[in-house]
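Engineer: Got a structure for you, written out below as structure tokens; questions coming shortly.
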Amino acid sequence: IIMAMLGIAVACETDEEASSRVSISGAEGTDATGQVICQRSLRVDLLDAAGEAAPLELSLCLTEDKIEPIFSGAAWAGTVLWRAAVRLVDLALLGDRALGVGPETSVIELGAGLGVPGMAAARLGAGTVVLTEQENLVDLLEQNVQANFPPGRIRCRELDWSSTRAAELRDDLLAGRPFDLIISCDCVYLPLYGDSFKHLAAAIDALAGPDSHLLLALERRFVKHGSDGVDDFLTLLHDAGFRLVTEYPTQPPVHVLLFRRPTAAPDDNSPD
């Protein structure tokens, strides 16, 4: 309710702008009087081109020792399935123009939250899948991965965004090779996350190589007397050599974008 009052849209039921490839249903938690006080769990059904894909069963519940820390900053956002993540899965992973993944594909999701896009990539056959989050949200990620996948299928790691930490993670998991696909959903919003988008751009730069793809879902939000940070973030990506390949058709304010960093970037001076 509070987020609705702030104009922040989350996906606690099927997104009307998403196709039938993604459907969402949830179970609500109640207090002693039977009043709904929270969303307790979500079921996300995914349908691939063959009409087949196992559902994801997601818990949104944290243990007592994990609840208080997430409200000291913006970490609570990692316990929500954001509309932008649903659109990215629908259009870029399941849709007619989906970016295909297979056994040789390595995928990492940054600021994964509940990890639905990364889990969808695993369901679709990506060989290596890594979900990253802040330390106090990794337990929830691991809990949901264990409920939906066999041991070792997906790795959950803590990652504080920086080029150094991202490079260390890449070296540890892929022996220094870049990731084939980097995913980030709704991780840029200056009033909530501050200028962390600068560190996100640095982490993406460190994880990517000349053949890497970057899938972004961004939601533009009006900020009175200020910026949402998205334009500055896209400029940083452009400066790092990333070029827009595809913008998937979807209703604003959500934008789903596919980037790639060519071996030799074009000599233009403005973001695509």
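Numbering starts fresh at 1 for the residues of each chain in the structure tokens, the chains themselves are lettered A, B, ... in the order given, and ligands are numbered from 1 as they appear.
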Can you tell me, as a list in words, what residues are no more than 9 Å from Leu190 (chain A) when counting only C-alpha atoms, ignoring any on the same chain fewer than 5 positions away?

Structural biologist: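 Result of the neighbour search: Asp195, Ser196, Phe197, Val223, Gly226, Ser227, Asp228, Gly229 and Val230 of chain A.
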
Engineer: Near Glu109 (chain A), within 7 Å and counting only C-alpha atoms, which residues show up once chain neighbours fewer than 4 positions away are dropped, as a list in words?

Structural biologist: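 Result of the neighbour search: Gly118, Val130, Leu131, Thr132, Ile182, Ile183 and Ser184 of chain A.
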
Engineer: Using DSSP secondary structure from the backbone, list all alpha helix (DSSP H) positions within region 45-190 of chain A, as a PyMOL selection string.

Structural biologist: chain A and resi 64-70+83-88+116-123+135-148+163-174+190

Engineer: As a list of chain:residue names, please: the residues near region 241-253 of chain A (cut-off 8 Å, only C-alpha atoms, same-chain neighbours under 2 positions excluded).

Structural biologist: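 Contacts, with the query itself left out: A:Glu17, A:Arg87, A:Leu91, A:Ala92, A:Glu219, A:Arg220, A:Arg221, A:Leu237, A:His238, A:Asp239, A:His255, A:Val256, A:Leu257, A:Leu258, A:Phe259, A:Arg260, A:Arg261, A:Pro262, A:Ala265, A:Pro271, A:Asp272.
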
Engineer: Give the answer as one residue: which of A:Leu60, A:Ala84, A:Ala167, A:Leu94 has the shortest atom-to-atom distance to Leu47 (chain A), using only C-alpha atoms?

Structural biologist: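 Checking each of A:Leu60, A:Ala84, A:Ala167, A:Leu94 against Leu47 (chain A), counting only C-alpha atoms, the winner is A:Leu94.
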
Engineer: Would you return as a list of chain:residue names the members of region 90-208 of chain A that DSSP assigns to strand (DSSP E) on this structure's backbone?

Structural biologist: A:Ser106, A:Val107, A:Ile108, A:Glu109, A:Leu110, A:Thr128, A:Val129, A:Val130, A:Leu131, A:Thr132, A:Glu133, A:Arg155, A:Cys156, A:Arg157, A:Glu158, A:Leu181, A:Ile182, A:Ile183, A:Ser184, A:Cys185
